[in-house]
Each structure stands twice: as C-alpha cells, then as structure tokens.
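Data block below; observations after.
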Amino acid sequence: MKTNKKKIWIGCGILCVLSVLLSSWYAVAYNDSRLVVSMDFKDYVFDIKDLPMIVSVSFTCAYLVALFVMLFIHAGKKQRQAVETGVTRKINPKLGCLGVLGFLGFAGFWTYPVDGIVFPFAFFLFFGFFGFYYEGKMSGTFMDERFRENIARAKLKAYRITFGVMLAALIILCQGKLFGNLEYTLIAAIIILSLALGLGIFLSEYLLYRYDHDDQAEEGEE
Amino acid sequence: MAEFECRLKKYRQMKDLTQEQLAEKVGVRRETIMRLEKAQYNPSLKLAIDISRAVEAPIEEIFVFK
C-alpha cells in the first residue's frame, strides 16, 4: 500500500476515535450520559442531543467495515501477485507478535463468571498468528516445484495434527459432563477447537520453514 | 522401490554450468539442483525435460532408476 494512502487511513482512524471520545464527553456532560451507559432501547426516543454520538459511532463503524474490506482485498491482491510472480508474499516477521492476541482468550475466564459470555475463549485462535514470524522469514522466496511440494507437505501434516487433536478432544468431551456441568463441557470444546485451529495455522507455516530450513542446513554442512 | 541415481552433476560440469546458472535456466532454486544432484529429490517430468535440454543430455542418462 502506498504511504499516502496509509496515512489517510491512519488519519481517518484517529479522527474516528477522537469523534467518539468527543461525543462521549458531550453525552456525559450535556446529555445525561445517554448512549454511553447501557440503556433500554425498547423505550428509546430520539433526541437531537443524541446526534453527535449516533454520527460518530456510525462513522466509526463505517470506517471499521471499510478497513476490513480494504485489508481483505489487499490480502487477496498479494496472494494473486504471489501466484503470478511465483514468489512468496512479503510480510514483516514482527507480525508474529500478533500471536500475543491469543492471550485475550484468557479473558473468557473473567467474562464467563461475570456475564456468562463465552466468545472471548475463541480468541485462543489468535495464537496461530505466531506463524507470521516464520512466514515473514520466508518472504520473497521463489516458489519452485520443491518449495510447492514442501507447502503441501507442511499443510497436510498440520491438518492431520489439527484434526487428530480435535477428534481426540471431542471423543473425550463427549464421554460426559465436565465436572458434572454441560456448560463447562461446551466451554472446554470452544477452547480446544480454538487452540487446535490456532495450532493448525501456526504449524503449516512452522513446518514449511522447518522443511525448507532443514534442507538448507543439510546443504550448508557439506 | 527402485533405487534412484542422478548423474546431473557430471553433465552439468561437462557443460561448464554452475548450480546457480542451471537453476536459473530451468526456473528452480539452487537448493533444488543440490537436492537433485544428491538424488534426494525426484523431479517432475517437466523439470526433468528442462534439465535434460539445459545440459543437452538424454533424460535416461541423467536420471537412472535401477
């Protein structure tokens, strides 16, 4: 992406955050905290003072949707470029740090007892982003037939391990209730499925790196 | 399983080509040529034909299955 375009997107993001902060301050100071604190929307009646909050939140939502669409299109374009040029896509190995987002999964242990919300457990999936580190290290590698074979080998092994883990976990969990509670069993299923999928994402990149790197190490020894 | 022998190194040296040059000619990485020469990788038919054309030797002379 061009630097100018990047700056525009970052600028819009900052504007959206600022507008939400400003409208929240306005709502708290002059509008009895309407739309800031949780309220019953069944009896909601529009007030002109709600307008800043509605506009800023709408713009932020539109920005987020546009950002995701743009990132999706950009990723697709890069993938097509990789196929056309026969070179792996260029990404920064530092993106592997995104794997830390996987720790957000532990938030589920807090949200479940408080609000009964279980979806944060699915964030364990993000541990798979540690694989970006290995993908970044192989950025710009020419994909000849042996490299493509290694990709297929790595993916096959990763999928086998992932499905093996999922199958074993589901068989064990389906034996009965965990600690005598069906909800705990379902939570355990969410956690295990998320971790297994994260493992699959990570392993396909890690194994590819290992296959390619081990070959080179052997060659270097001679 | 048939034993695989690769005489690529001999034919490459006869043509005075480095691994890098041969790799570039046939559109693969140098590491792939290395693996081929050590008979640790079975090439596709296309790559085998490309190599045989690049070193100007028949395929059955370069890749031998005993």
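We name chains A, B, ... following the order of the structure tokens; residues begin at 1 in each chain, and ligands are numbered from 1 as shown.
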(message) Using only C-alpha atoms, I'd like every residue of chain B that has an atom within 9 Å of chain A; please write them out as a list in words.
(response) Gly27, Val28, Arg29, Glu31, Thr32, Met34, Arg35, Tyr41, Pro43, Ser44 and Leu47 of chain B
Mind writing the picked residues with C-alpha atoms as a short mmCIF file (atom, residue, chain, number, x, y, z; two decimals), in the first residue's frame?
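New file part01.cif:
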data_model
loop_
_atom_site.label_atom_id
_atom_site.label_comp_id
_atom_site.auth_asym_id
_atom_site.auth_seq_id
_atom_site.Cartn_x
_atom_site.Cartn_y
_atom_site.Cartn_z
CA GLY B 27 13.50 -21.96 -13.26
CA VAL B 28 14.14 -23.51 -9.86
CA ARG B 29 16.14 -22.61 -6.76
CA GLU B 31 18.83 -25.76 -3.40
CA THR B 32 16.63 -27.87 -5.67
CA MET B 34 21.64 -29.52 -4.96
CA ARG B 35 18.97 -31.97 -3.78
CA TYR B 41 14.57 -35.26 -4.75
CA PRO B 43 11.86 -34.04 -10.19
CA SER B 44 8.63 -33.63 -12.09
CA LEU B 47 11.72 -30.28 -14.70
#
(request) Could you find all residues in chain A that DSSP calls helix (DSSP H, G or I) from the backbone, and write them as number ranges by chain? (result) A: 3-30, 41-43, 48-85, 93-115, 119-137, 145-173, 182-221
(request) Kindly give the distance, in Å, that separates atom CA of Arg7 of chain B and atom CA of Val87 of chain A, rounded to a single decimal. (result) 29.1 Å
(request) Could you please determine the separation between atom CA of Lys2 of chain A and atom CA of Ile201 of chain A in Å, to one decimal place? (result) 28.5 Å
(request) Could you please determine the separation between atom CA of Glu60 of chain B and atom CA of Phe4 of chain B in Å, to one decimal place? (result) 11.3 Å
Residue contacts of Glu205 of chain A (8 Å, only C-alpha atoms) excluding same-chain residues fewer than 3 positions away, as a compact mmCIF listing (two decimals) with C-alpha atoms, in the first residue's frame:
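Wrote it out as out-v1.txt, contents follow:
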# COMPACT_ATOMS: atom_id res chain seq x y z
CA GLY A 131 3.12 -18.38 12.39
CA PHE A 132 3.54 -14.96 10.71
CA TYR A 134 8.05 -17.93 10.05
CA GLU A 135 6.09 -16.72 7.03
CA ALA A 154 3.54 -28.94 5.70
CA ILE A 201 -2.48 -22.03 11.35
CA PHE A 202 0.86 -21.93 13.17
CA LEU A 208 7.20 -25.26 5.93
CA TYR A 209 10.02 -23.21 7.43
(message) Excluding segment 162-171 of chain A and its own-chain neighbours fewer than 2 positions away, which residues fall within 6 Å of it when counting only C-alpha atoms? Please give them as a list in words.
(response)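 Skipping anything fewer than 2 positions along the chain leaves Tyr159, Arg160, Leu173, Cys174, Ala196 and Gly200 of chain A.
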(request) For each of A:Ala75, A:Val65, A:Met53, A:Ile187, take the minimum atom-to-atom distance to Gly105 of chain A, counting only C-alpha atoms, then give the residue where this is smallest. (result)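 Looking at the shortest contact to Gly105 of chain A, the residue is A:Ile187.
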Distance query Ile51 of chain B at most 12 Å, only C-alpha atoms, self and fewer than 5 positions along chain excluded, as a PDB file with N, CA and C atoms, in the first residue's frame:
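What ended up in out-v7.pdb:
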ATOM      1  N   CYS B   6      21.307 -40.056  -9.738  1.00  0.00           N
ATOM      2  CA  CYS B   6      21.271 -38.846 -10.552  1.00  0.00           C
ATOM      3  C   CYS B   6      22.690 -38.477 -10.984  1.00  0.00           C
ATOM      4  N   ARG B   7      22.872 -38.362 -12.284  1.00  0.00           N
ATOM      5  CA  ARG B   7      24.214 -38.022 -12.795  1.00  0.00           C
ATOM      6  C   ARG B   7      24.261 -36.580 -13.294  1.00  0.00           C
ATOM      7  N   LEU B   8      23.420 -35.793 -12.706  1.00  0.00           N
ATOM      8  CA  LEU B   8      23.300 -34.402 -13.152  1.00  0.00           C
ATOM      9  C   LEU B   8      24.609 -33.629 -12.983  1.00  0.00           C
ATOM     10  N   LYS B   9      25.274 -33.878 -11.860  1.00  0.00           N
ATOM     11  CA  LYS B   9      26.498 -33.119 -11.561  1.00  0.00           C
ATOM     12  C   LYS B   9      27.504 -33.282 -12.705  1.00  0.00           C
ATOM     13  N   TYR B  11      26.984 -34.117 -15.885  1.00  0.00           N
ATOM     14  CA  TYR B  11      26.572 -33.453 -17.128  1.00  0.00           C
ATOM     15  C   TYR B  11      26.603 -31.933 -16.992  1.00  0.00           C
ATOM     16  N   ARG B  12      26.307 -31.456 -15.782  1.00  0.00           N
ATOM     17  CA  ARG B  12      26.351 -30.003 -15.553  1.00  0.00           C
ATOM     18  C   ARG B  12      27.781 -29.492 -15.692  1.00  0.00           C
ATOM     19  N   LYS B  15      28.999 -29.241 -19.155  1.00  0.00           N
ATOM     20  CA  LYS B  15      28.502 -28.046 -19.860  1.00  0.00           C
ATOM     21  C   LYS B  15      29.051 -26.759 -19.240  1.00  0.00           C
ATOM     22  N   LEU B  17      28.517 -25.424 -16.321  1.00  0.00           N
ATOM     23  CA  LEU B  17      27.478 -24.610 -15.677  1.00  0.00           C
ATOM     24  C   LEU B  17      27.605 -24.711 -14.156  1.00  0.00           C
ATOM     25  N   GLN B  19      25.718 -24.482 -10.381  1.00  0.00           N
ATOM     26  CA  GLN B  19      24.364 -24.850  -9.916  1.00  0.00           C
ATOM     27  C   GLN B  19      23.414 -23.661 -10.069  1.00  0.00           C
ATOM     28  N   GLN B  21      23.587 -21.182 -12.202  1.00  0.00           N
ATOM     29  CA  GLN B  21      23.245 -20.933 -13.616  1.00  0.00           C
ATOM     30  C   GLN B  21      22.220 -21.939 -14.122  1.00  0.00           C
ATOM     31  N   LEU B  22      22.421 -23.204 -13.739  1.00  0.00           N
ATOM     32  CA  LEU B  22      21.483 -24.237 -14.182  1.00  0.00           C
ATOM     33  C   LEU B  22      20.100 -23.990 -13.565  1.00  0.00           C
ATOM     34  N   ALA B  23      20.114 -23.617 -12.276  1.00  0.00           N
ATOM     35  CA  ALA B  23      18.850 -23.345 -11.579  1.00  0.00           C
ATOM     36  C   ALA B  23      18.082 -22.234 -12.288  1.00  0.00           C
ATOM     37  N   GLU B  24      18.814 -21.197 -12.675  1.00  0.00           N
ATOM     38  CA  GLU B  24      18.179 -20.063 -13.358  1.00  0.00           C
ATOM     39  C   GLU B  24      17.634 -20.487 -14.724  1.00  0.00           C
ATOM     40  N   LYS B  25      18.397 -21.342 -15.407  1.00  0.00           N
ATOM     41  CA  LYS B  25      17.975 -21.805 -16.741  1.00  0.00           C
ATOM     42  C   LYS B  25      16.675 -22.602 -16.686  1.00  0.00           C
ATOM     43  N   VAL B  26      16.558 -23.441 -15.668  1.00  0.00           N
ATOM     44  CA  VAL B  26      15.380 -24.322 -15.613  1.00  0.00           C
ATOM     45  C   VAL B  26      14.280 -23.787 -14.689  1.00  0.00           C
ATOM     46  N   GLY B  27      14.532 -22.630 -14.067  1.00  0.00           N
ATOM     47  CA  GLY B  27      13.499 -21.962 -13.260  1.00  0.00           C
ATOM     48  C   GLY B  27      13.226 -22.611 -11.916  1.00  0.00           C
ATOM     49  N   VAL B  28      14.298 -23.011 -11.241  1.00  0.00           N
ATOM     50  CA  VAL B  28      14.143 -23.508  -9.864  1.00  0.00           C
ATOM     51  C   VAL B  28      15.191 -22.848  -8.966  1.00  0.00           C
ATOM     52  N   THR B  32      17.296 -26.748  -4.988  1.00  0.00           N
ATOM     53  CA  THR B  32      16.632 -27.869  -5.672  1.00  0.00           C
ATOM     54  C   THR B  32      17.632 -28.636  -6.536  1.00  0.00           C
ATOM     55  N   ILE B  33      18.515 -27.890  -7.203  1.00  0.00           N
ATOM     56  CA  ILE B  33      19.557 -28.553  -8.019  1.00  0.00           C
ATOM     57  C   ILE B  33      20.460 -29.373  -7.104  1.00  0.00           C
ATOM     58  N   LEU B  36      18.755 -32.498  -6.138  1.00  0.00           N
ATOM     59  CA  LEU B  36      18.688 -33.393  -7.290  1.00  0.00           C
ATOM     60  C   LEU B  36      20.024 -34.123  -7.470  1.00  0.00           C
ATOM     61  N   GLU B  37      21.095 -33.369  -7.352  1.00  0.00           N
ATOM     62  CA  GLU B  37      22.423 -33.968  -7.552  1.00  0.00           C
ATOM     63  C   GLU B  37      22.737 -35.016  -6.493  1.00  0.00           C
ATOM     64  N   PRO B  43      12.444 -35.193  -9.478  1.00  0.00           N
ATOM     65  CA  PRO B  43      11.864 -34.039 -10.186  1.00  0.00           C
ATOM     66  C   PRO B  43      10.579 -34.413 -10.922  1.00  0.00           C
ATOM     67  N   SER B  44       9.819 -33.388 -11.259  1.00  0.00           N
ATOM     68  CA  SER B  44       8.630 -33.625 -12.087  1.00  0.00           C
ATOM     69  C   SER B  44       9.118 -33.898 -13.509  1.00  0.00           C
ATOM     70  N   LEU B  45       8.233 -34.409 -14.331  1.00  0.00           N
ATOM     71  CA  LEU B  45       8.610 -34.717 -15.722  1.00  0.00           C
ATOM     72  C   LEU B  45       9.051 -33.448 -16.441  1.00  0.00           C
ATOM     73  N   LYS B  46       8.348 -32.354 -16.158  1.00  0.00           N
ATOM     74  CA  LYS B  46       8.675 -31.085 -16.821  1.00  0.00           C
ATOM     75  C   LYS B  46      10.094 -30.625 -16.456  1.00  0.00           C
ATOM     76  N   GLU B  56      21.829 -30.697 -22.308  1.00  0.00           N
ATOM     77  CA  GLU B  56      21.916 -31.387 -23.607  1.00  0.00           C
ATOM     78  C   GLU B  56      22.336 -32.843 -23.443  1.00  0.00           C
ATOM     79  N   ALA B  57      21.574 -33.543 -22.639  1.00  0.00           N
ATOM     80  CA  ALA B  57      21.816 -34.979 -22.435  1.00  0.00           C
ATOM     81  C   ALA B  57      20.461 -35.655 -22.272  1.00  0.00           C
ATOM     82  N   PRO B  58      20.344 -36.922 -22.694  1.00  0.00           N
ATOM     83  CA  PRO B  58      19.038 -37.593 -22.568  1.00  0.00           C
ATOM     84  C   PRO B  58      18.630 -37.811 -21.110  1.00  0.00           C
ATOM     85  N   ILE B  59      17.344 -37.742 -20.878  1.00  0.00           N
ATOM     86  CA  ILE B  59      16.824 -37.885 -19.503  1.00  0.00           C
ATOM     87  C   ILE B  59      17.298 -39.188 -18.867  1.00  0.00           C
ATOM     88  N   GLU B  60      17.208 -40.284 -19.618  1.00  0.00           N
ATOM     89  CA  GLU B  60      17.544 -41.591 -19.032  1.00  0.00           C
ATOM     90  C   GLU B  60      19.018 -41.703 -18.663  1.00  0.00           C
ATOM     91  N   GLU B  61      19.839 -40.795 -19.228  1.00  0.00           N
ATOM     92  CA  GLU B  61      21.262 -40.793 -18.866  1.00  0.00           C
ATOM     93  C   GLU B  61      21.490 -40.000 -17.574  1.00  0.00           C
ATOM     94  N   ILE B  62      20.639 -39.005 -17.372  1.00  0.00           N
ATOM     95  CA  ILE B  62      20.807 -38.142 -16.185  1.00  0.00           C
ATOM     96  C   ILE B  62      20.164 -38.789 -14.961  1.00  0.00           C
ATOM     97  N   PHE B  63      18.934 -39.231 -15.136  1.00  0.00           N
ATOM     98  CA  PHE B  63      18.200 -39.837 -14.001  1.00  0.00           C
ATOM     99  C   PHE B  63      18.082 -41.336 -14.251  1.00  0.00           C
TER     100      PHE B  63
END
(message) Give me the residues near Val36 of chain A as a list in words, where near means some atom within 12 Å (using only C-alpha atoms) and where sequence neighbours in that chain fewer than 6 positions away do not count.
(response) Val20, Leu21, Leu22, Ser23, Ser24, Trp25, Tyr26, Ala27, Val28, Ala29, Tyr30, Asp50, Pro52, Met53, Ile54 and Val57 of chain A
Filtered DSSP result for chain B, state strand (DSSP E or B), as a compact mmCIF listing (two decimals) with C-alpha atoms, in the first residue's frame:
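That gives us states-v2.txt:
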# COMPACT_ATOMS: atom_id res chain seq x y z
CA PHE B 4 17.43 -43.64 -7.94
CA GLU B 5 20.73 -42.33 -9.21
CA CYS B 6 21.27 -38.85 -10.55
CA PHE B 63 18.20 -39.84 -14.00
CA VAL B 64 18.76 -43.55 -13.61
CA PHE B 65 16.29 -45.87 -11.86
